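Raw contents of run.tsv, TSV, C-alpha atoms:
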chain	number	residue	atom	x	y	z
N	1	MET	CA	140.44	76.85	51.79
N	2	PRO	CA	142.13	77.93	55.05
N	3	LEU	CA	144.03	74.64	55.04
N	4	ASP	CA	145.46	73.32	51.78
N	5	LEU	CA	143.74	69.96	51.35
N	6	SER	CA	143.76	70.13	47.55
N	7	PRO	CA	146.22	67.21	47.20
N	8	TYR	CA	143.78	64.94	49.05
N	9	VAL	CA	140.35	65.93	47.72
N	10	LEU	CA	138.56	65.85	44.40
N	11	ALA	CA	136.26	68.80	45.05
N	12	TRP	CA	135.16	71.04	47.87
N	13	ARG	CA	132.64	73.68	48.76
N	14	THR	CA	133.08	76.42	51.36
N	15	THR	CA	130.00	77.89	53.04
N	16	PRO	CA	130.62	81.04	55.10
N	17	LEU	CA	128.05	81.46	57.86
N	18	ARG	CA	127.61	84.19	60.45
N	19	ASP	CA	129.09	82.11	63.26
N	20	ARG	CA	131.36	79.65	61.43
N	21	GLU	CA	132.84	78.44	58.17
N	22	VAL	CA	131.84	75.00	56.84
N	23	VAL	CA	133.90	73.12	54.24
N	24	ASP	CA	132.48	70.04	52.48
N	25	ALA	CA	135.27	68.12	50.74
N	26	LEU	CA	134.98	64.98	48.59
N	27	VAL	CA	138.10	63.00	49.52
N	28	HIS	CA	140.16	61.24	46.87
N	29	PRO	CA	139.69	57.43	47.20
N	30	ALA	CA	143.43	57.01	47.82
N	31	HIS	CA	143.18	59.20	50.93
N	32	ALA	CA	139.72	58.19	52.19
N	33	GLY	CA	141.15	55.90	54.89
N	34	PRO	CA	142.29	58.51	55.82
N	35	SER	CA	145.83	58.21	54.51
N	36	PRO	CA	148.70	59.10	56.89
N	37	ALA	CA	149.37	62.23	54.85
N	38	LEU	CA	145.77	63.44	55.13
N	39	ALA	CA	145.62	62.57	58.82
N	40	GLN	CA	148.74	64.66	59.41
N	41	ALA	CA	147.32	67.56	57.42
N	42	LEU	CA	144.08	67.49	59.44
N	43	GLU	CA	146.06	67.97	62.63
N	44	HIS	CA	146.63	71.56	61.51
N	45	TRP	CA	142.93	72.31	61.00
N	46	GLU	CA	141.84	74.97	63.50
N	47	GLY	CA	138.43	73.52	64.14
N	48	THR	CA	136.52	70.23	64.14
N	49	TYR	CA	135.68	67.73	61.42
N	50	TYR	CA	133.85	64.48	60.81
N	51	TRP	CA	133.44	61.98	57.99
N	52	SER	CA	130.33	61.30	55.93
N	53	ASP	CA	130.13	58.08	53.89
N	54	GLU	CA	127.86	58.72	50.92
N	55	PRO	CA	127.01	56.85	47.70
N	56	GLY	CA	129.28	59.14	45.67
N	57	GLY	CA	132.29	58.76	47.92
N	58	ARG	CA	133.65	59.73	51.32
N	59	TRP	CA	133.29	63.33	52.42
N	60	LEU	CA	134.98	65.43	55.05
N	61	VAL	CA	132.86	68.06	56.82
N	62	LEU	CA	135.14	70.63	58.42
N	63	THR	CA	134.00	73.47	60.65
N	64	ARG	CA	135.89	76.45	61.97
N	65	ARG	CA	134.18	78.85	64.33
N	66	HIS	CA	134.47	82.62	64.15
N	67	ASP	CA	134.87	84.75	67.24
N	68	ALA	CA	132.34	83.68	69.88
N	69	PRO	CA	129.77	86.28	70.98
N	70	VAL	CA	129.99	87.80	74.44
N	71	GLU	CA	127.49	85.99	76.64
N	72	ARG	CA	125.36	87.79	79.25
N	73	TRP	CA	126.41	85.46	82.04
N	74	TRP	CA	124.86	87.72	84.66
N	75	LEU	CA	121.42	87.00	83.18
N	76	HIS	CA	121.92	83.22	83.14
N	77	VAL	CA	123.21	83.24	86.72
N	78	ALA	CA	120.38	85.49	87.91
N	79	LEU	CA	117.73	83.24	86.31
N	80	PHE	CA	119.34	80.16	87.84
N	81	VAL	CA	119.44	81.75	91.32
N	82	ALA	CA	115.80	82.85	90.99
N	83	THR	CA	114.81	79.34	89.89
N	84	LEU	CA	116.75	77.84	92.78
N	85	PHE	CA	114.73	80.05	95.14
N	86	THR	CA	111.34	79.21	93.63
N	87	THR	CA	111.98	75.46	93.30
N	88	THR	CA	113.30	75.30	96.86
N	89	LEU	CA	110.21	77.15	98.05
N	90	ALA	CA	108.08	74.64	96.14
N	91	GLY	CA	110.03	71.83	97.79
N	92	ALA	CA	109.46	73.42	101.21
N	93	THR	CA	105.71	73.30	100.60
N	94	LEU	CA	106.04	69.63	99.69
N	95	THR	CA	107.82	68.87	102.96
N	96	GLY	CA	105.28	70.94	104.90
N	97	SER	CA	107.87	73.30	106.37
N	98	VAL	CA	106.31	76.26	104.51
N	99	PRO	CA	102.53	76.54	103.96
N	100	PRO	CA	101.37	76.98	100.35
N	101	LEU	CA	101.28	80.64	99.36
N	102	VAL	CA	98.05	82.15	98.06
N	103	ASN	CA	99.99	85.13	96.72
N	104	PRO	CA	103.79	85.24	96.23
N	105	LEU	CA	103.73	88.92	97.25
N	106	ASP	CA	103.05	87.67	100.78
N	107	LEU	CA	106.78	86.98	101.00
N	108	VAL	CA	107.46	90.72	100.84
N	109	ARG	CA	104.28	92.12	102.39
N	110	ASP	CA	104.49	89.92	105.48
N	111	GLY	CA	108.22	90.43	105.91
N	112	MET	CA	108.93	86.70	105.53
N	113	LEU	CA	112.18	87.32	103.65
N	114	ARG	CA	113.58	89.08	106.73
N	115	ASP	CA	112.66	86.20	109.02
N	116	THR	CA	115.47	83.79	109.89
N	117	GLU	CA	112.98	81.05	110.66
N	118	PHE	CA	111.54	81.36	107.16
N	119	TRP	CA	114.95	80.74	105.60
N	120	HIS	CA	115.48	77.67	107.78
N	121	ALA	CA	112.09	76.37	106.67
N	122	TRP	CA	112.86	77.33	103.05
N	123	ALA	CA	116.13	75.37	103.13
N	124	ALA	CA	114.18	72.17	103.80
N	125	GLY	CA	113.04	72.35	100.18
N	126	LEU	CA	116.57	71.92	98.85
N	127	VAL	CA	116.04	68.17	99.07
N	128	PHE	CA	113.63	68.59	96.13
N	129	ALA	CA	115.17	71.57	94.32
N	130	LEU	CA	118.75	70.34	93.98
N	131	PRO	CA	117.95	66.99	92.30
N	132	LEU	CA	115.35	68.66	90.07
N	133	LEU	CA	117.72	71.39	88.94
N	134	GLY	CA	120.44	68.76	88.49
N	135	ILE	CA	118.18	66.91	86.03
N	136	LEU	CA	117.23	70.08	84.14
N	137	LEU	CA	120.84	71.23	84.03
N	138	ALA	CA	122.02	67.85	82.73
N	139	HIS	CA	119.37	67.96	80.01
N	140	GLU	CA	120.36	71.42	78.79
N	141	LEU	CA	124.09	70.76	79.09
N	142	GLY	CA	123.58	67.70	76.91
N	143	HIS	CA	122.27	69.99	74.16
N	144	TYR	CA	124.93	72.62	74.88
N	145	VAL	CA	127.93	70.27	74.79
N	146	ALA	CA	126.72	68.55	71.62
N	147	ALA	CA	126.22	71.92	69.93
N	148	ARG	CA	129.64	73.18	71.01
N	149	ARG	CA	131.19	69.95	69.74
N	150	TYR	CA	130.06	71.03	66.28
N	151	GLN	CA	131.15	74.62	67.03
N	152	LEU	CA	127.62	75.95	66.72
N	153	ASP	CA	126.61	79.31	68.14
N	154	VAL	CA	124.58	78.28	71.19
N	155	SER	CA	123.63	80.08	74.38
N	156	PRO	CA	124.14	78.78	77.92
N	157	PRO	CA	120.93	77.49	79.58
N	158	TYR	CA	118.15	79.91	80.48
N	159	PHE	CA	116.24	78.74	83.58
N	160	ILE	CA	112.63	79.86	83.99
N	161	PRO	CA	111.48	80.55	87.57
N	162	LEU	CA	107.80	80.21	88.42
N	163	PRO	CA	106.32	82.05	91.44
N	164	VAL	CA	104.82	79.63	93.95
N	165	TRP	CA	101.25	80.91	94.34
N	166	ALA	CA	99.73	77.41	94.15
N	167	PRO	CA	101.06	73.86	94.29
N	168	ASN	CA	103.68	73.69	91.51
N	169	ILE	CA	107.33	72.80	91.11
N	170	GLY	CA	108.61	76.39	91.02
N	171	THR	CA	109.87	76.37	87.43
N	172	LEU	CA	108.79	76.04	83.82
N	173	GLY	CA	112.05	74.29	82.99
N	174	ALA	CA	115.05	75.58	81.05
N	175	PHE	CA	116.14	76.02	77.45
N	176	ILE	CA	119.10	76.96	75.27
N	177	ARG	CA	119.10	79.05	72.12
N	178	LEU	CA	120.68	77.84	68.90
N	179	ARG	CA	121.55	81.07	67.14
N	180	THR	CA	122.54	79.54	63.82
N	181	VAL	CA	121.48	77.09	61.12
N	182	LEU	CA	122.71	73.50	61.50
N	183	SER	CA	124.88	72.02	58.77
N	184	ASP	CA	123.14	68.68	58.30
N	185	ARG	CA	120.79	66.15	59.86
N	186	ARG	CA	123.61	64.49	61.79
N	187	GLN	CA	124.18	67.67	63.78
N	188	LEU	CA	120.44	68.10	64.32
N	189	PHE	CA	120.12	64.52	65.56
N	190	ASP	CA	123.06	64.72	67.95
N	191	VAL	CA	122.07	68.07	69.46
N	192	GLY	CA	118.41	67.06	69.74
N	193	LEU	CA	118.94	63.67	71.40
N	194	ALA	CA	121.85	64.57	73.69
N	195	GLY	CA	119.56	66.49	76.07
N	196	PRO	CA	116.97	63.75	76.76
N	197	ILE	CA	119.68	61.09	77.16
N	198	ALA	CA	121.68	63.22	79.62
N	199	GLY	CA	118.55	64.16	81.58
N	200	PHE	CA	117.36	60.54	81.73
N	201	VAL	CA	120.77	59.26	82.89
N	202	VAL	CA	120.69	61.73	85.81
N	203	ALA	CA	116.97	61.30	86.57
N	204	LEU	CA	117.12	57.49	86.77
N	205	PRO	CA	119.32	57.17	89.91
N	206	ILE	CA	117.54	60.13	91.51
N	207	LEU	CA	114.20	58.39	91.00
N	208	LEU	CA	115.56	55.08	92.32
N	209	ILE	CA	117.01	56.69	95.47
N	210	GLY	CA	113.83	58.70	96.00
N	211	LEU	CA	111.58	55.63	95.72
N	212	TRP	CA	113.78	53.79	98.20
N	213	LEU	CA	113.26	56.70	100.64
N	214	SER	CA	109.49	56.82	100.00
N	215	HIS	CA	106.91	55.34	102.38
N	216	PRO	CA	104.81	52.37	101.21
N	217	LEU	CA	101.11	52.57	102.06
N	218	PRO	CA	98.93	49.73	103.32
N	219	SER	CA	96.64	48.22	100.74
N	220	HIS	CA	93.69	50.57	100.23
N	221	PRO	CA	91.27	50.54	97.29
N	222	ALA	CA	91.11	54.37	97.19
N	223	VAL	CA	94.89	54.90	97.10
N	224	THR	CA	97.00	53.39	94.36
N	225	GLY	CA	100.27	54.27	92.69
N	226	MET	CA	102.25	57.32	93.79
N	227	VAL	CA	100.78	60.12	95.92
N	228	LEU	CA	101.91	63.44	97.37
N	229	TRP	CA	100.32	65.46	100.15
N	230	VAL	CA	100.46	69.20	99.42
N	231	GLY	CA	98.71	71.57	101.80
N	232	GLY	CA	96.36	68.85	102.99
N	233	GLU	CA	95.40	67.85	99.43
N	234	ARG	CA	96.32	64.53	97.89
N	235	LEU	CA	98.02	64.68	94.50
N	236	SER	CA	98.10	61.40	92.59
N	237	LEU	CA	100.84	60.83	90.03
N	238	GLY	CA	100.43	58.54	87.05
N	239	ASP	CA	102.93	55.80	86.34
N	240	SER	CA	105.17	55.50	83.33
N	241	PRO	CA	106.75	52.13	82.52
N	242	VAL	CA	110.00	53.20	84.19
N	243	THR	CA	108.34	54.37	87.44
N	244	LEU	CA	106.15	51.28	87.54
N	245	LEU	CA	109.15	49.00	87.07
N	246	LEU	CA	111.23	50.76	89.73
N	247	ARG	CA	108.32	50.76	92.20
N	248	TRP	CA	108.03	46.98	91.79
N	249	LEU	CA	111.77	46.56	92.29
N	250	VAL	CA	111.92	48.73	95.42
N	251	HIS	CA	108.58	48.20	97.18
N	252	GLY	CA	106.86	45.39	95.32
N	253	GLY	CA	104.57	47.76	93.45
N	254	SER	CA	102.62	48.94	96.50
N	255	ALA	CA	101.15	52.43	96.69
N	256	MET	CA	103.50	54.95	98.28
N	257	VAL	CA	103.81	58.49	99.52
N	258	LEU	CA	106.67	59.94	97.51
N	259	HIS	CA	109.78	61.40	99.08
N	260	PRO	CA	110.63	64.83	97.56
N	261	ILE	CA	113.66	63.28	95.84
N	262	ALA	CA	111.38	60.71	94.21
N	263	PHE	CA	109.05	63.48	93.07
N	264	ALA	CA	112.03	65.27	91.50
N	265	GLY	CA	112.84	62.04	89.64
N	266	VAL	CA	109.24	61.67	88.46
N	267	VAL	CA	109.29	65.26	87.18
N	268	GLY	CA	112.58	64.51	85.42
N	269	MET	CA	110.99	61.57	83.62
N	270	PHE	CA	108.02	63.77	82.72
N	271	VAL	CA	110.37	66.39	81.25
N	272	THR	CA	112.11	63.68	79.21
N	273	MET	CA	108.77	62.45	77.88
N	274	ILE	CA	107.51	65.92	76.94
N	275	ASN	CA	110.73	66.77	75.11
N	276	LEU	CA	110.73	63.49	73.19
N	277	MET	CA	107.27	64.03	71.73
N	278	PRO	CA	107.74	63.83	67.93
N	279	MET	CA	106.32	67.23	67.12
N	280	ALA	CA	107.57	70.48	65.63
N	281	GLN	CA	110.85	71.60	67.20
N	282	LEU	CA	110.74	69.53	70.37
N	283	ASP	CA	113.69	67.19	70.83
N	284	GLY	CA	111.62	64.29	69.52
N	285	GLY	CA	110.73	66.41	66.49
N	286	HIS	CA	114.44	67.01	65.84
N	287	VAL	CA	115.15	63.28	66.02
N	288	LEU	CA	112.21	62.39	63.76
N	289	TYR	CA	113.12	65.01	61.15
N	290	ALA	CA	116.77	63.98	61.20
N	291	THR	CA	115.81	60.31	60.75
N	292	ARG	CA	112.77	60.53	58.44
N	293	PRO	CA	112.38	64.10	57.14
N	294	ARG	CA	109.53	63.26	54.74
N	295	LEU	CA	107.56	61.58	57.52
N	296	HIS	CA	107.94	64.39	60.03
N	297	ARG	CA	104.97	66.59	59.20
N	298	ARG	CA	102.40	63.77	58.98
N	299	ALA	CA	103.70	62.08	62.14
N	300	ALA	CA	103.74	65.38	64.02
N	301	LEU	CA	100.15	66.13	63.06
N	302	ALA	CA	99.02	62.61	64.00
N	303	PHE	CA	100.69	62.80	67.39
N	304	TRP	CA	99.33	66.29	68.02
N	305	LEU	CA	95.83	64.87	67.53
N	306	VAL	CA	96.68	62.06	69.97
N	307	VAL	CA	97.75	64.66	72.53
N	308	LEU	CA	94.41	66.44	72.08
N	309	ALA	CA	92.58	63.16	72.64
N	310	LEU	CA	94.58	62.52	75.83
N	311	GLY	CA	93.35	65.87	77.13
N	312	HIS	CA	90.06	64.11	77.96
N	313	TRP	CA	91.88	62.41	80.85
N	314	TRP	CA	94.36	65.17	81.79
N	315	VAL	CA	93.67	68.80	80.91
N	316	GLY	CA	97.40	69.56	80.88
N	317	TRP	CA	97.66	67.89	77.49
N	318	TYR	CA	95.54	70.71	76.04
N	319	VAL	CA	98.09	73.17	77.43
N	320	TRP	CA	101.00	71.33	75.83
N	321	ALA	CA	99.18	70.99	72.51
N	322	GLY	CA	98.56	74.73	72.53
N	323	LEU	CA	102.16	75.55	73.47
N	324	VAL	CA	103.56	73.39	70.68
N	325	LEU	CA	101.25	75.05	68.18
N	326	LEU	CA	102.15	78.51	69.51
N	327	LEU	CA	105.92	77.94	69.47
N	328	SER	CA	105.75	76.49	65.96
N	329	ARG	CA	103.66	79.49	64.80
N	330	GLY	CA	100.71	77.34	63.92
N	331	ARG	CA	102.75	74.87	61.89
N	332	LEU	CA	104.02	71.48	62.99
N	333	ASP	CA	106.73	71.10	60.37
N	334	HIS	CA	110.45	71.47	60.96
N	335	PRO	CA	112.87	74.03	59.51
N	336	THR	CA	115.41	72.58	57.13
N	337	VAL	CA	119.15	72.26	57.65
N	338	LEU	CA	121.95	73.53	55.42
N	339	ASP	CA	122.44	70.16	53.67
N	340	ALA	CA	119.28	68.09	54.09
N	341	TYR	CA	120.44	65.46	51.59
N	342	ARG	CA	123.52	64.29	53.46
N	343	PRO	CA	122.60	60.81	54.77
N	344	LEU	CA	122.37	60.10	58.46
N	345	PRO	CA	125.05	57.65	59.69
N	346	THR	CA	123.87	54.15	60.54
N	347	SER	CA	124.88	54.65	64.17
N	348	ARG	CA	122.37	57.50	64.49
N	349	ARG	CA	119.58	55.36	63.10
N	350	ILE	CA	120.31	52.88	65.89
N	351	PHE	CA	120.11	55.69	68.43
N	352	ALA	CA	116.78	56.73	66.94
N	353	TRP	CA	115.43	53.46	68.35
N	354	VAL	CA	116.99	54.42	71.67
N	355	ALA	CA	115.04	57.68	71.54
N	356	LEU	CA	111.83	55.77	70.85
N	357	ALA	CA	112.57	53.41	73.76
N	358	LEU	CA	113.16	56.35	76.11
N	359	PHE	CA	109.88	57.92	75.04
N	360	ILE	CA	107.96	54.69	75.67
N	361	LEU	CA	109.69	54.15	79.03
N	362	THR	CA	108.80	57.65	80.25
N	363	PHE	CA	105.36	58.05	78.67
N	364	THR	CA	102.54	58.71	81.15
N	365	PRO	CA	99.01	59.06	79.72
N	366	VAL	CA	97.72	60.81	82.89
N	367	PRO	CA	100.71	62.42	84.64
N	368	PHE	CA	98.85	64.16	87.51
N	369	ARG	CA	95.49	63.97	89.22
N	370	ILE	CA	94.24	66.12	92.14
Can the structure in the file be given as structure tokens, please?
Amino acid sequence: MPLDLSPYVLAWRTTPLRDREVVDALVHPAHAGPSPALAQALEHWEGTYYWSDEPGGRWLVLTRRHDAPVERWWLHVALFVATLFTTTLAGATLTGSVPPLVNPLDLVRDGMLRDTEFWHAWAAGLVFALPLLGILLAHELGHYVAARRYQLDVSPPYFIPLPVWAPNIGTLGAFIRLRTVLSDRRQLFDVGLAGPIAGFVVALPILLIGLWLSHPLPSHPAVTGMVLWVGGERLSLGDSPVTLLLRWLVHGGSAMVLHPIAFAGVVGMFVTMINLMPMAQLDGGHVLYATRPRLHRRAALAFWLVVLALGHWWVGWYVWAGLVLLLSRGRLDHPTVLDAYRPLPTSRRIFAWVALALFILTFTPVPFRI
């Protein structure tokens, strides 16, 4: 062992991985407190550690990271800048300062990028793009910080720009890459849930502020809930429990034309919902596998069939069902972790109910209707 803990442990196992070294040590009962002597010895460990209370005794899980890989920061920055441009352009179409583009090549062919007036009109979309990117960034940084806390090899966020050739939000979201195997279900749980919680915490005040800035509509049988006007077309947005509750708090539940900030908040809640679906390797799939590994496959299949059924009311569910199946290579199960038998701490099981509550709060059966 890099650190001599032999006076304090009964047995240990060292697992060398590509990105880090993991030491599992069964602590002697006399030092499981930990004792002052063990606590002092741990101060010299060049890494991180946590405790695991198991039926056979109390274990220490120590991790020390090897040299970190050189990140291609230029790529991450370039993707973020491109996504900032496309989401701001999408926001400018929402505000009406820029007409919807039939073809994104019109920006170059018509010389719009050299027009000062275009950039002034484009900047009006920042009111939508900045809160939206703030939500996406918070979500991915939640994953990133949790992974780095366990000294896992993880990439910075990759943002995905989407050309604005039709009404859309200018992005397909963002993701990080875990380039290593996780040690146990505790790590999987923490990394998986940190993103949705961070994204929700940022999206909630953005949605509340946006709804306060939105315009209530007079009572009309043909217009209910939340609407957007994009290029002369009305886009209706479905309510989730959290949007319905906040609309009642702010405007008494009346129909409203959403402010771009409110739309960014609604999209943030939609992103939280999609990621918390308990399927495959989505965040909800991570949480379900970490909590109930034997239940994961059956629950994932059942929910996938529910998503297909919901496609009758919103065709986008078919798209998401197909993407999940594609990304999981036709299988809805979850890859294992290094030590799948280490029990999940009780505190994480409590947070599993928090994950379920967040999913219910953000769930929207019919997110969008034209």
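Relative to atom CA of N:Val307, atom CA of N:Phe270 is found at 14.5 Å.
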**Prompt:** If we count all atoms listed in the file, what is near stretch 193-195 of chain N at a cut-off of 7 Å, once residues fewer than 4 positions away on the same chain are taken out, given as a VMD selection string?
**Reply:** chain N and resid 139 to 143 146 189 199 283 287
Output C-alpha atoms for every residue in the selection just made, as a PDB file, in the coordinates of the input.
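out-v5.pdb was written with the following content:
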ATOM      1  CA  HIS N 139     119.370  67.960  80.010  1.00  0.00           C
ATOM      2  CA  GLU N 140     120.360  71.420  78.790  1.00  0.00           C
ATOM      3  CA  LEU N 141     124.090  70.760  79.090  1.00  0.00           C
ATOM      4  CA  GLY N 142     123.580  67.700  76.910  1.00  0.00           C
ATOM      5  CA  HIS N 143     122.270  69.990  74.160  1.00  0.00           C
ATOM      6  CA  ALA N 146     126.720  68.550  71.620  1.00  0.00           C
ATOM      7  CA  PHE N 189     120.120  64.520  65.560  1.00  0.00           C
ATOM      8  CA  GLY N 199     118.550  64.160  81.580  1.00  0.00           C
ATOM      9  CA  ASP N 283     113.690  67.190  70.830  1.00  0.00           C
ATOM     10  CA  VAL N 287     115.150  63.280  66.020  1.00  0.00           C
TER      11      VAL N 287
END
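Residue nearest N:Asp24 within the list N:Trp45, N:Tyr50, N:Trp313, N:Trp248: N:Tyr50 [criterion: smallest interatomic distance, all atoms listed in the file].
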**Request:** Would you mind listing what lies within 12 Å of N:Leu246 as a PyMOL selection string, with only C-alpha atoms counted and same-chain residues fewer than 2 positions away left out?
**Result:** chain N and resi 204-212+225-226+239-244+248-254+262+265-266+361-362
Against stretch 114-131 of chain N, which residues of stretch 218-265 of chain N fall within 10 Å? For each one I want the closest pair of atoms and the distance in Å (one decimal), counting only C-alpha atoms, rows by chain and increasing residue number, as a tab-separated table.
residue	atom	partner	partner_atom	distance
N:His259	CA	N:Phe128	CA	8.7
N:Pro260	CA	N:Phe128	CA	5.0
N:Ile261	CA	N:Phe128	CA	5.3
N:Ala262	CA	N:Phe128	CA	8.4
N:Phe263	CA	N:Phe128	CA	7.5
N:Ala264	CA	N:Phe128	CA	5.9
N:Gly265	CA	N:Pro131	CA	7.6
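With distances taken over all atoms listed in the file, N:Leu137 is the one residue among N:Leu137, N:Ala78, N:Leu213, N:Ile169 lying closest to N:Ala198.
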**Request:** In Å, rounded to a single decimal, give me how far atom CA of N:Leu3 is from atom CA of N:Leu42.
**Result:**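 Between atom CA of N:Leu42 and atom CA of N:Leu3 the gap is 8.4 Å.
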Please write out, as JSON, where the centre of an axis-aligned box around all listed atoms of stretch 44-55 of chain N lies and how long its edges are, in Å to one decimal, after adding 8 Å on each side.
{"center_x": 136.8, "center_y": 65.9, "center_z": 55.9, "size_x": 35.6, "size_y": 34.1, "size_z": 32.4}
**Test item: residues at most 7 Å from N:Ala203, all atoms listed in the file, excluding those fewer than 6 positions along its chain, as a list in words** =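 My reading of the contact set: Ile135, Gly265, Gly268 and Met269 of chain N.
The closest residue to N:Leu228, picked from N:Gln40, N:Thr63, N:Ser214, N:Ser155 and counting all atoms listed in the file, is N:Ser214.
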**Item:** Pairwise distance for atom CA of N:Thr87 and atom CA of N:Leu326, rounded to one decimal in Å
**Value:** 25.9 Å
**Complete:** N:Leu38 proximity check over N:Gly57, N:Pro163, N:Pro7, N:Gly330, using only C-alpha atoms: winner is N:Pro7
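Residue nearest N:Leu132 within the list N:Val267, N:Ala255, N:Leu94, N:Leu217: N:Val267 [criterion: smallest interatomic distance, all atoms listed in the file].
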**Request:** Go through N:Ser6, N:Ser236, N:Thr272, N:Ser97 and flag the residue nearest N:Val27, using only C-alpha atoms for the distances.
**Result:**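 Selected residue with least distance to N:Val27: N:Ser6.
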**Request:** May I have the residues within 7 Å of stretch 335-338 of chain N as a PyMOL selection string, using all atoms listed in the file and disregarding those fewer than 5 positions away in the same chain?
**Result:** chain N and resi 181-185
